[in-house]
$ cat run.cif   # mmCIF, C-alpha atoms
data_work
loop_
_atom_site.label_atom_id
_atom_site.label_comp_id
_atom_site.auth_asym_id
_atom_site.auth_seq_id
_atom_site.Cartn_x
_atom_site.Cartn_y
_atom_site.Cartn_z
CA MET U 325 -66.04 38.19 62.60
CA THR U 326 -65.21 36.24 65.75
CA THR U 327 -61.87 35.64 67.45
CA ASN U 328 -60.63 32.78 69.58
CA GLY U 329 -58.75 34.94 72.09
CA PRO U 330 -58.01 38.45 73.22
CA ALA U 331 -56.95 41.06 70.70
CA PRO U 332 -53.24 41.79 70.35
CA GLY U 333 -52.00 43.77 73.32
CA GLN U 334 -54.93 42.73 75.48
CA THR U 335 -55.15 40.14 78.22
CA GLY U 336 -58.00 37.67 78.43
CA PRO U 337 -59.65 36.61 81.71
CA GLY U 338 -57.79 33.28 81.73
CA THR U 339 -54.41 34.91 81.22
CA ALA U 340 -55.04 37.51 83.93
CA SER U 341 -56.15 34.80 86.35
CA SER U 342 -53.03 32.75 85.62
CA LEU U 343 -50.83 35.80 86.13
CA ARG U 344 -52.43 36.57 89.49
CA MET U 345 -51.95 32.96 90.55
CA ALA U 346 -48.29 33.01 89.48
CA LEU U 347 -47.71 36.20 91.47
CA ARG U 348 -49.32 34.66 94.57
CA VAL U 349 -47.10 31.59 94.22
CA VAL U 350 -43.90 33.63 93.80
CA ASN U 351 -44.82 35.91 96.73
CA SER U 352 -45.45 32.91 98.98
CA VAL U 353 -42.09 31.39 98.05
CA LEU U 354 -40.35 34.73 98.68
CA ASP U 355 -42.04 35.28 102.03
CA ARG U 356 -41.04 31.80 103.14
CA GLU U 357 -37.44 32.32 102.00
CA ALA U 358 -37.23 35.70 103.71
CA SER U 359 -38.46 34.14 106.97
CA GLY U 360 -35.34 31.95 107.10
CA ARG U 361 -37.42 28.78 107.42
CA THR U 362 -37.21 25.71 105.19
CA GLY U 363 -38.72 26.44 101.80
CA PHE U 364 -42.07 25.17 100.55
CA ASN U 365 -42.38 22.07 98.43
CA VAL U 366 -45.31 21.90 96.02
CA SER U 367 -47.68 20.23 98.49
CA ARG U 368 -47.05 22.74 101.26
CA LEU U 369 -47.13 25.62 98.79
CA ALA U 370 -50.55 24.47 97.55
CA GLY U 371 -51.83 24.55 101.12
CA GLU U 372 -50.32 27.99 101.74
CA VAL U 373 -51.82 29.53 98.60
CA GLY U 374 -55.09 27.59 98.90
CA ILE U 375 -55.15 25.79 95.56
CA GLU U 376 -55.20 22.18 94.40
CA ARG U 377 -51.86 20.40 94.33
CA SER U 378 -52.17 19.70 90.60
CA LYS U 379 -52.62 23.41 89.88
CA ALA U 380 -49.73 24.32 92.14
CA SER U 381 -47.57 21.73 90.38
CA ARG U 382 -48.38 23.13 86.92
CA THR U 383 -47.85 26.72 88.02
CA THR U 384 -44.54 26.09 89.77
CA GLN U 385 -43.24 24.00 86.86
CA ASP U 386 -44.05 26.84 84.47
CA LEU U 387 -42.32 29.34 86.75
CA CYS U 388 -39.28 27.04 87.04
CA ASP U 389 -39.15 26.66 83.25
CA LYS U 390 -39.13 30.45 82.91
CA GLY U 391 -36.48 30.85 85.61
CA PHE U 392 -38.63 32.72 88.14
CA LEU U 393 -38.39 29.83 90.60
CA GLU U 394 -35.76 27.16 91.23
CA ARG U 395 -36.37 23.67 92.57
CA LEU U 396 -33.65 22.51 94.98
CA ASP U 397 -32.44 18.95 95.49
CA ASP U 398 -34.83 18.48 98.42
CA SER U 399 -37.78 19.58 96.19
CA THR U 400 -38.21 22.89 98.00
CA LEU U 401 -38.59 26.07 95.99
CA ARG U 402 -36.77 29.39 95.99
CA ALA U 403 -36.67 32.50 93.79
CA GLY U 404 -34.75 32.06 90.53
CA GLU U 405 -32.45 34.23 88.44
CA ALA U 406 -35.25 35.56 86.22
CA PHE U 407 -37.03 36.93 89.29
CA PHE U 408 -33.92 38.80 90.48
CA THR U 409 -33.26 40.15 86.99
CA THR U 410 -36.83 41.40 86.74
CA ALA U 411 -36.78 42.82 90.27
CA ALA U 412 -33.56 44.70 89.54
CA SER U 413 -35.09 46.22 86.42
CA LEU U 414 -37.86 47.74 88.55
CA HIS U 415 -35.27 49.96 90.25
CA PRO U 416 -32.62 50.42 87.54
CA GLY U 417 -31.32 53.52 89.29
CA LEU U 418 -29.99 51.61 92.31
CA PRO U 419 -26.84 50.11 90.70
CA ARG U 420 -26.42 53.18 88.49
CA ARG U 421 -26.83 55.64 91.34
CA SER U 422 -24.37 53.68 93.46
CA ARG U 423 -21.54 54.00 90.94
CA PRO U 424 -20.28 57.52 91.84
CA LEU U 425 -20.81 56.83 95.54
CA LEU U 426 -18.76 53.65 95.39
CA ARG U 427 -16.13 55.20 93.15
CA ARG U 428 -15.57 58.11 95.51
CA MET U 429 -15.10 55.84 98.52
CA ALA U 430 -12.80 53.46 96.63
CA VAL U 431 -10.53 56.32 95.57
CA ALA U 432 -10.63 58.03 98.96
CA TYR U 433 -9.49 54.94 100.84
CA GLY U 434 -7.45 53.13 98.19
CA ALA U 435 -9.76 50.16 98.51
CA GLY U 436 -12.75 48.43 96.97
CA ALA U 437 -16.34 49.60 97.38
CA ARG U 438 -19.32 47.37 96.71
CA LEU U 439 -23.10 47.15 96.36
CA SER U 440 -24.42 43.70 97.26
CA VAL U 441 -27.69 41.81 97.76
CA ARG U 442 -28.50 38.55 99.53
CA ASP U 443 -29.72 35.39 97.80
CA GLY U 444 -30.36 32.87 100.55
CA VAL U 445 -27.02 32.23 102.25
CA GLN U 446 -25.13 33.82 99.38
CA VAL U 447 -24.16 37.44 98.84
CA ARG U 448 -24.24 38.55 95.21
CA LEU U 449 -22.25 41.53 94.03
CA LEU U 450 -24.24 44.01 91.92
CA ARG U 451 -21.59 46.66 91.41
CA ALA U 452 -17.99 47.18 92.48
CA GLU U 453 -15.51 50.02 92.15
CA SER U 454 -11.80 49.78 92.94
CA ALA U 455 -9.01 52.26 93.44
CA ALA U 456 -6.04 52.17 91.11
CA GLY U 457 -3.53 49.65 92.39
CA PHE U 458 -6.05 47.84 94.56
CA ALA U 459 -5.05 44.17 94.74
CA GLN U 460 -6.40 42.30 91.73
CA GLU U 461 -7.63 39.37 93.79
CA TRP U 462 -9.94 41.68 95.75
CA GLN U 463 -11.44 43.47 92.78
CA GLY U 464 -15.11 42.64 92.46
CA ARG U 465 -16.78 41.04 89.46
CA ALA U 466 -20.49 41.29 88.70
CA SER U 467 -20.83 37.54 89.26
CA LEU U 468 -18.94 37.42 92.57
CA VAL U 469 -20.73 35.29 95.17
CA THR U 470 -19.61 35.02 98.80
CA PRO U 471 -21.10 33.52 102.01
CA CYS U 472 -23.36 35.74 104.13
CA TRP U 473 -21.92 34.67 107.49
CA CYS U 474 -18.28 35.69 107.00
CA THR U 475 -18.46 38.94 105.02
CA GLY U 476 -19.25 42.47 106.11
CA ALA U 477 -21.90 42.89 103.42
CA GLY U 478 -23.47 39.55 104.30
CA ARG U 479 -23.70 40.38 107.98
CA ALA U 480 -25.18 43.81 107.18
CA LEU U 481 -27.84 42.10 105.08
CA LEU U 482 -28.75 39.95 108.11
CA LEU U 483 -28.92 42.72 110.71
CA ASP U 484 -32.71 42.49 111.01
CA HIS U 485 -32.72 38.69 111.35
CA THR U 486 -33.49 37.24 114.76
CA ALA U 487 -31.33 34.53 116.33
CA GLY U 488 -33.92 31.95 115.34
CA GLU U 489 -34.08 33.16 111.74
CA ILE U 490 -30.30 33.05 111.42
CA ALA U 491 -30.17 29.54 112.88
CA ALA U 492 -32.83 28.39 110.41
CA LEU U 493 -31.08 30.07 107.48
CA LEU U 494 -27.76 28.38 108.24
CA ASP U 495 -29.25 25.00 109.12
CA ASP U 496 -27.34 22.21 107.34
CA TYR U 497 -24.51 24.58 106.33
CA GLU U 498 -21.00 23.83 107.57
CA LEU U 499 -19.47 27.09 108.77
CA ILE U 500 -16.18 25.61 109.99
CA GLY U 501 -13.47 25.85 107.38
CA VAL U 502 -15.17 28.66 105.44
CA GLY U 503 -13.85 32.21 105.55
CA GLY U 504 -10.97 33.78 107.41
CA PRO U 505 -9.59 33.24 110.91
CA ASP U 506 -12.16 35.48 112.60
CA ALA U 507 -15.25 34.21 110.77
CA ALA U 508 -18.26 33.00 112.75
CA ARG U 509 -18.14 29.21 113.22
CA THR U 510 -21.66 28.87 114.62
CA PRO U 511 -24.96 30.74 114.17
CA ALA U 512 -24.62 31.92 117.78
CA GLU U 513 -21.28 33.57 117.00
CA LEU U 514 -22.83 35.30 113.99
CA VAL U 515 -25.72 36.55 116.13
CA ALA U 516 -23.29 37.87 118.75
CA ALA U 517 -21.23 39.69 116.11
CA ASN U 518 -24.34 41.31 114.65
CA ASP U 519 -25.67 42.26 118.09
CA HIS U 520 -22.38 44.05 118.73
CA ASP U 521 -22.30 45.91 115.40
CA ARG U 522 -26.01 46.72 115.32
CA LEU U 523 -25.55 49.18 118.18
CA ARG U 524 -23.18 51.22 116.03
CA GLY U 525 -25.14 50.80 112.82
CA VAL U 526 -22.09 49.65 110.85
CA VAL U 527 -20.71 46.13 110.49
CA ALA U 528 -16.95 45.84 110.95
CA ALA U 529 -15.76 42.46 109.67
CA HIS U 530 -12.06 42.12 110.50
CA GLY U 531 -10.42 38.97 109.12
CA GLU U 532 -13.77 37.28 108.60
CA PHE U 533 -13.48 36.52 104.91
CA GLU U 534 -9.70 36.56 104.54
CA HIS U 535 -6.74 37.11 106.86
CA GLY U 536 -5.69 40.75 107.02
CA VAL U 537 -8.78 41.99 105.20
CA THR U 538 -11.48 44.24 106.68
CA GLU U 539 -14.91 45.01 105.26
CA TYR U 540 -17.06 47.79 106.69
CA ALA U 541 -20.70 47.57 105.60
CA VAL U 542 -24.11 49.13 106.20
CA PRO U 543 -27.55 48.01 105.04
CA VAL U 544 -29.49 49.93 102.40
CA ARG U 545 -33.12 50.18 103.44
CA ASP U 546 -36.17 51.05 101.39
CA PRO U 547 -38.64 53.72 102.58
CA GLU U 548 -40.49 51.05 104.59
CA GLY U 549 -37.31 50.20 106.47
CA ARG U 550 -36.69 46.82 104.85
CA ILE U 551 -33.10 45.88 104.05
CA ARG U 552 -32.75 45.69 100.28
CA ALA U 553 -28.96 45.79 99.75
CA ALA U 554 -25.67 46.60 101.46
CA VAL U 555 -22.85 49.00 100.65
CA SER U 556 -19.35 48.23 101.85
CA VAL U 557 -15.69 49.20 101.72
CA VAL U 558 -13.15 46.38 101.68
CA GLY U 559 -9.37 46.42 101.85
CA ARG U 560 -6.30 45.68 103.93
CA THR U 561 -7.00 46.09 107.62
CA GLN U 562 -3.83 48.11 108.14
CA ASP U 563 -4.89 50.55 105.42
CA LEU U 564 -8.51 51.00 106.47
CA SER U 565 -8.29 51.04 110.27
CA PRO U 566 -6.90 54.60 110.50
CA HIS U 567 -9.89 55.85 108.51
CA GLU U 568 -12.60 53.85 110.26
CA ARG U 569 -14.63 56.83 111.47
CA ALA U 570 -14.62 58.52 108.06
CA ILE U 571 -15.53 55.25 106.32
CA ARG U 572 -18.47 54.75 108.66
CA THR U 573 -19.72 58.27 107.92
CA ASP U 574 -19.36 57.83 104.16
CA LEU U 575 -21.12 54.46 104.17
CA ALA U 576 -24.04 55.86 106.15
CA ALA U 577 -24.34 58.75 103.69
CA ALA U 578 -24.21 56.37 100.71
CA ALA U 579 -26.91 54.17 102.20
CA ALA U 580 -29.13 57.21 102.79
CA ALA U 581 -28.66 58.36 99.19
CA LEU U 582 -29.58 54.92 97.87
CA ARG U 583 -32.63 54.85 100.11
CA ASP U 584 -33.78 58.04 98.41
CA THR U 585 -33.27 56.28 95.08
CA LEU U 586 -35.54 53.43 96.19
CA ALA U 587 -38.17 55.99 97.17
CA GLY U 588 -38.32 57.18 93.55
CA ASP U 589 -38.98 55.27 90.38
CA GLY U 590 -35.48 54.19 89.48
CA ASP U 591 -33.01 57.07 89.65
CA GLY U 592 -34.22 59.04 92.64
CA ASN U 593 -35.38 62.06 90.63
CA GLY U 594 -38.42 60.73 88.83
CA ASN U 595 -36.77 60.04 85.50
CA GLY U 596 -36.52 56.24 85.71
CA THR U 597 -33.46 56.13 83.46
CA ASP U 598 -31.73 52.88 82.55
CA LEU U 599 -28.38 51.70 83.79
#

$ encode --input "run.cif" --output "structure tokens"
Amino acid sequence: MTTNGPAPGQTGPGTASSLRMALRVVNSVLDREASGRTGFNVSRLAGEVGIERSKASRTTQDLCDKGFLERLDDSTLRAGEAFFTTAASLHPGLPRRSRPLLRRMAVAYGAGARLSVRDGVQVRLLRAESAAGFAQEWQGRASLVTPCWCTGAGRALLLDHTAGEIAALLDDYELIGVGGPDAARTPAELVAANDHDRLRGVVAAHGEFEHGVTEYAVPVRDPEGRIRAAVSVVGRTQDLSPHERAIRTDLAAAAAALRDTLAGDGDGNGNGTDL
């Protein structure tokens, strides 16, 4: 008896080749996005990957249909929601492991504590814990999105970016009128703020997102040293300032613990448990 394709559970040569091509395309889009430069359109992506434009067009359209890529208004490409969902599932222990760390800091300082990642110029909240009585308008939601240039977490996520990369990332974005009274109004101001905080290893964003609000944040790095997320404590400046040294110490310890989680296979102890 003959068959027209691979047996159930197996992958034929054509499928494997298509998968490898899709991975190359997604990796190229991600590398371009991470560089802070303008994203690839299909023609430039085809040249980068080394394939015909027609093949690149079919592959990117399929990836867009599945949500792994998104096509912006200017026809450039970026990673889509399905990619981030899949990527998060590869390290399910990161949000789960962060919960007790965030909860302890929130209770200790009567504030909010957060785990965030960057998506272009946006900061997406993955997990948030809040102390009892913490102002409702500051309590995080899983879908909370904020700008990267006027939040502590956002600036921590950009600590490894050069001045040129930050300028390219924020090109065509209007910074004036966004954020609090002490927010950066130009890429140069953001670079200066990060240069100042980088020396201490902790971002201190006073009044940058909202008047009277402070967010302390540190990057979470993987074992290779790449910034993967940020942990932060946010609250009223008058409440947090007296505890600044302790907050900095706790954030550094939390980031180190989460780095150990990234070194494992999901939960930091080899079990790979779900959220």

$ atom_distance --input "run.cif" --atom1 "atom CA of U:Pro471" --atom2 "atom CA of U:Gln446"
4.8 Å

$ resolve_selection --input "run.cif" --expression "the PyMOL selection byres ((chain U and resi 542) around 10)" --output "PyMOL selection string"
chain U and resi 476-481+483+521-522+525-528+540-541+543-545+551+553-557+572+575-579

$ write_last_selection --input "run.cif" --atoms "C-alpha atoms" --output "CSV table (one decimal), in the frame of the given file"
chain,number,residue,atom,x,y,z
U,476,GLY,CA,-19.2,42.5,106.1
U,477,ALA,CA,-21.9,42.9,103.4
U,478,GLY,CA,-23.5,39.6,104.3
U,479,ARG,CA,-23.7,40.4,108.0
U,480,ALA,CA,-25.2,43.8,107.2
U,481,LEU,CA,-27.8,42.1,105.1
U,483,LEU,CA,-28.9,42.7,110.7
U,521,ASP,CA,-22.3,45.9,115.4
U,522,ARG,CA,-26.0,46.7,115.3
U,525,GLY,CA,-25.1,50.8,112.8
U,526,VAL,CA,-22.1,49.6,110.8
U,527,VAL,CA,-20.7,46.1,110.5
U,528,ALA,CA,-17.0,45.8,111.0
U,540,TYR,CA,-17.1,47.8,106.7
U,541,ALA,CA,-20.7,47.6,105.6
U,543,PRO,CA,-27.6,48.0,105.0
U,544,VAL,CA,-29.5,49.9,102.4
U,545,ARG,CA,-33.1,50.2,103.4
U,551,ILE,CA,-33.1,45.9,104.0
U,553,ALA,CA,-29.0,45.8,99.8
U,554,ALA,CA,-25.7,46.6,101.5
U,555,VAL,CA,-22.8,49.0,100.6
U,556,SER,CA,-19.4,48.2,101.8
U,557,VAL,CA,-15.7,49.2,101.7
U,572,ARG,CA,-18.5,54.8,108.7
U,575,LEU,CA,-21.1,54.5,104.2
U,576,ALA,CA,-24.0,55.9,106.2
U,577,ALA,CA,-24.3,58.8,103.7
U,578,ALA,CA,-24.2,56.4,100.7
U,579,ALA,CA,-26.9,54.2,102.2

$ atom_distance --input "run.cif" --atom1 "atom CA of U:Ala456" --atom2 "atom CA of U:Leu582"
24.6 Å

$ residues_around --input "run.cif" --residues "U:Pro424" --least-positions-apart "5" --cutoff "10 Å" --atoms "all atoms listed in the file" --output "list in words"
Pro419, Met429, Ala430, Glu453 and Ala578 of chain U

$ write_last_selection --input "run.cif" --atoms "C-alpha atoms" --output "PDB file, keeping the file's coordinate frame"
ATOM      1  CA  PRO U 419     -26.840  50.110  90.700  1.00  0.00           C
ATOM      2  CA  MET U 429     -15.100  55.840  98.520  1.00  0.00           C
ATOM      3  CA  ALA U 430     -12.800  53.460  96.630  1.00  0.00           C
ATOM      4  CA  GLU U 453     -15.510  50.020  92.150  1.00  0.00           C
ATOM      5  CA  ALA U 578     -24.210  56.370 100.710  1.00  0.00           C
TER       6      ALA U 578
END

$ residues_around --input "run.cif" --residues "U:Val350" --least-positions-apart "2" --cutoff "9 Å" --atoms "only C-alpha atoms" --output "list in words"
Met345, Ala346, Leu347, Arg348, Ser352, Val353, Leu354, Asp355, Thr384, Leu387, Phe392, Leu393, Arg402, Ala403 and Phe407 of chain U

$ write_last_selection --input "run.cif" --atoms "C-alpha atoms" --output "tab-separated table (two decimals), in the coordinates of the input"
chain	number	residue	atom	x	y	z
U	345	MET	CA	-51.95	32.96	90.55
U	346	ALA	CA	-48.29	33.01	89.48
U	347	LEU	CA	-47.71	36.20	91.47
U	348	ARG	CA	-49.32	34.66	94.57
U	352	SER	CA	-45.45	32.91	98.98
U	353	VAL	CA	-42.09	31.39	98.05
U	354	LEU	CA	-40.35	34.73	98.68
U	355	ASP	CA	-42.04	35.28	102.03
U	384	THR	CA	-44.54	26.09	89.77
U	387	LEU	CA	-42.32	29.34	86.75
U	392	PHE	CA	-38.63	32.72	88.14
U	393	LEU	CA	-38.39	29.83	90.60
U	402	ARG	CA	-36.77	29.39	95.99
U	403	ALA	CA	-36.67	32.50	93.79
U	407	PHE	CA	-37.03	36.93	89.29

$ atom_distance --input "run.cif" --atom1 "atom CA of U:Val431" --atom2 "atom CA of U:Ser454"
7.2 Å

$ axis_aligned_box --input "run.cif" --around "stretch 416-430 of chain U" --padding-each-side "6 Å" --output "JSON"
{"center_x": -22.7, "center_y": 54.1, "center_z": 93.0, "size_x": 31.8, "size_y": 20.0, "size_z": 23.0}

$ closest_residue --input "run.cif" --among "U:Asp496, U:Arg428, U:Arg421, U:Thr362" --to "U:Asp574" --atoms "only C-alpha atoms"
U:Arg428

$ resolve_selection --input "run.cif" --expression "the PyMOL selection byres ((chain U and resi 381) around 12)" --output "list in words"
Ala346, Val349, Asn365, Val366, Ser367, Arg368, Leu369, Ala370, Gly371, Ile375, Glu376, Arg377, Ser378, Lys379, Ala380, Arg382, Thr383, Thr384, Gln385, Asp386, Leu387, Cys388, Arg395, Ser399 and Leu401 of chain U

$ decode --input "run.cif" --residues "stretch 438-457 of chain U" --atoms "N, CA, C and O atoms" --output "PDB file, in the first residue's frame"
ATOM      1  N   ARG U 438       6.088  44.392  39.609  1.00  0.00           N
ATOM      2  CA  ARG U 438       5.725  43.973  38.256  1.00  0.00           C
ATOM      3  C   ARG U 438       6.845  43.214  37.549  1.00  0.00           C
ATOM      4  O   ARG U 438       8.026  43.446  37.803  1.00  0.00           O
ATOM      5  N   LEU U 439       6.429  42.344  36.634  1.00  0.00           N
ATOM      6  CA  LEU U 439       7.319  41.677  35.683  1.00  0.00           C
ATOM      7  C   LEU U 439       6.869  42.090  34.292  1.00  0.00           C
ATOM      8  O   LEU U 439       5.705  41.902  33.936  1.00  0.00           O
ATOM      9  N   SER U 440       7.778  42.674  33.518  1.00  0.00           N
ATOM     10  CA  SER U 440       7.412  43.240  32.222  1.00  0.00           C
ATOM     11  C   SER U 440       8.385  42.819  31.137  1.00  0.00           C
ATOM     12  O   SER U 440       9.530  42.464  31.408  1.00  0.00           O
ATOM     13  N   VAL U 441       7.927  42.879  29.884  1.00  0.00           N
ATOM     14  CA  VAL U 441       8.777  42.638  28.720  1.00  0.00           C
ATOM     15  C   VAL U 441       8.541  43.760  27.727  1.00  0.00           C
ATOM     16  O   VAL U 441       7.535  44.475  27.801  1.00  0.00           O
ATOM     17  N   ARG U 442       9.481  43.911  26.784  1.00  0.00           N
ATOM     18  CA  ARG U 442       9.341  44.956  25.769  1.00  0.00           C
ATOM     19  C   ARG U 442       8.854  44.382  24.457  1.00  0.00           C
ATOM     20  O   ARG U 442       9.272  43.318  24.030  1.00  0.00           O
ATOM     21  N   ASP U 443       7.950  45.102  23.812  1.00  0.00           N
ATOM     22  CA  ASP U 443       7.460  44.769  22.473  1.00  0.00           C
ATOM     23  C   ASP U 443       7.582  46.036  21.640  1.00  0.00           C
ATOM     24  O   ASP U 443       6.681  46.870  21.613  1.00  0.00           O
ATOM     25  N   GLY U 444       8.747  46.205  20.989  1.00  0.00           N
ATOM     26  CA  GLY U 444       8.981  47.438  20.254  1.00  0.00           C
ATOM     27  C   GLY U 444       9.120  48.605  21.210  1.00  0.00           C
ATOM     28  O   GLY U 444       9.956  48.594  22.112  1.00  0.00           O
ATOM     29  N   VAL U 445       8.288  49.634  21.044  1.00  0.00           N
ATOM     30  CA  VAL U 445       8.330  50.782  21.946  1.00  0.00           C
ATOM     31  C   VAL U 445       7.389  50.602  23.130  1.00  0.00           C
ATOM     32  O   VAL U 445       7.301  51.476  23.991  1.00  0.00           O
ATOM     33  N   GLN U 446       6.699  49.482  23.174  1.00  0.00           N
ATOM     34  CA  GLN U 446       5.736  49.238  24.237  1.00  0.00           C
ATOM     35  C   GLN U 446       6.307  48.307  25.303  1.00  0.00           C
ATOM     36  O   GLN U 446       7.136  47.448  25.020  1.00  0.00           O
ATOM     37  N   VAL U 447       5.832  48.491  26.518  1.00  0.00           N
ATOM     38  CA  VAL U 447       6.170  47.605  27.624  1.00  0.00           C
ATOM     39  C   VAL U 447       4.894  46.847  27.998  1.00  0.00           C
ATOM     40  O   VAL U 447       3.867  47.458  28.300  1.00  0.00           O
ATOM     41  N   ARG U 448       4.978  45.531  27.938  1.00  0.00           N
ATOM     42  CA  ARG U 448       3.820  44.692  28.251  1.00  0.00           C
ATOM     43  C   ARG U 448       4.002  44.040  29.611  1.00  0.00           C
ATOM     44  O   ARG U 448       5.044  43.474  29.908  1.00  0.00           O
ATOM     45  N   LEU U 449       2.965  44.122  30.411  1.00  0.00           N
ATOM     46  CA  LEU U 449       2.995  43.567  31.761  1.00  0.00           C
ATOM     47  C   LEU U 449       2.661  42.082  31.719  1.00  0.00           C
ATOM     48  O   LEU U 449       1.620  41.687  31.189  1.00  0.00           O
ATOM     49  N   LEU U 450       3.557  41.251  32.269  1.00  0.00           N
ATOM     50  CA  LEU U 450       3.311  39.812  32.317  1.00  0.00           C
ATOM     51  C   LEU U 450       2.671  39.384  33.631  1.00  0.00           C
ATOM     52  O   LEU U 450       1.823  38.496  33.651  1.00  0.00           O
ATOM     53  N   ARG U 451       3.117  39.973  34.715  1.00  0.00           N
ATOM     54  CA  ARG U 451       2.537  39.657  36.023  1.00  0.00           C
ATOM     55  C   ARG U 451       2.670  40.858  36.940  1.00  0.00           C
ATOM     56  O   ARG U 451       3.654  41.593  36.861  1.00  0.00           O
ATOM     57  N   ALA U 452       1.672  41.052  37.792  1.00  0.00           N
ATOM     58  CA  ALA U 452       1.702  42.158  38.754  1.00  0.00           C
ATOM     59  C   ALA U 452       1.131  41.689  40.078  1.00  0.00           C
ATOM     60  O   ALA U 452       0.172  40.910  40.118  1.00  0.00           O
ATOM     61  N   GLU U 453       1.725  42.160  41.147  1.00  0.00           N
ATOM     62  CA  GLU U 453       1.229  41.929  42.501  1.00  0.00           C
ATOM     63  C   GLU U 453       1.109  43.274  43.191  1.00  0.00           C
ATOM     64  O   GLU U 453       1.930  44.164  42.974  1.00  0.00           O
ATOM     65  N   SER U 454       0.076  43.430  44.014  1.00  0.00           N
ATOM     66  CA  SER U 454      -0.152  44.707  44.690  1.00  0.00           C
ATOM     67  C   SER U 454      -0.452  44.484  46.159  1.00  0.00           C
ATOM     68  O   SER U 454      -1.101  43.499  46.539  1.00  0.00           O
ATOM     69  N   ALA U 455       0.009  45.419  46.981  1.00  0.00           N
ATOM     70  CA  ALA U 455      -0.286  45.370  48.403  1.00  0.00           C
ATOM     71  C   ALA U 455      -1.736  45.770  48.643  1.00  0.00           C
ATOM     72  O   ALA U 455      -2.336  46.496  47.844  1.00  0.00           O
ATOM     73  N   ALA U 456      -2.284  45.284  49.735  1.00  0.00           N
ATOM     74  CA  ALA U 456      -3.649  45.659  50.097  1.00  0.00           C
ATOM     75  C   ALA U 456      -3.718  47.165  50.282  1.00  0.00           C
ATOM     76  O   ALA U 456      -2.866  47.778  50.922  1.00  0.00           O
ATOM     77  N   GLY U 457      -4.720  47.785  49.670  1.00  0.00           N
ATOM     78  CA  GLY U 457      -4.887  49.216  49.792  1.00  0.00           C
ATOM     79  C   GLY U 457      -4.119  50.015  48.770  1.00  0.00           C
ATOM     80  O   GLY U 457      -4.242  51.241  48.726  1.00  0.00           O
TER      81      GLY U 457
END
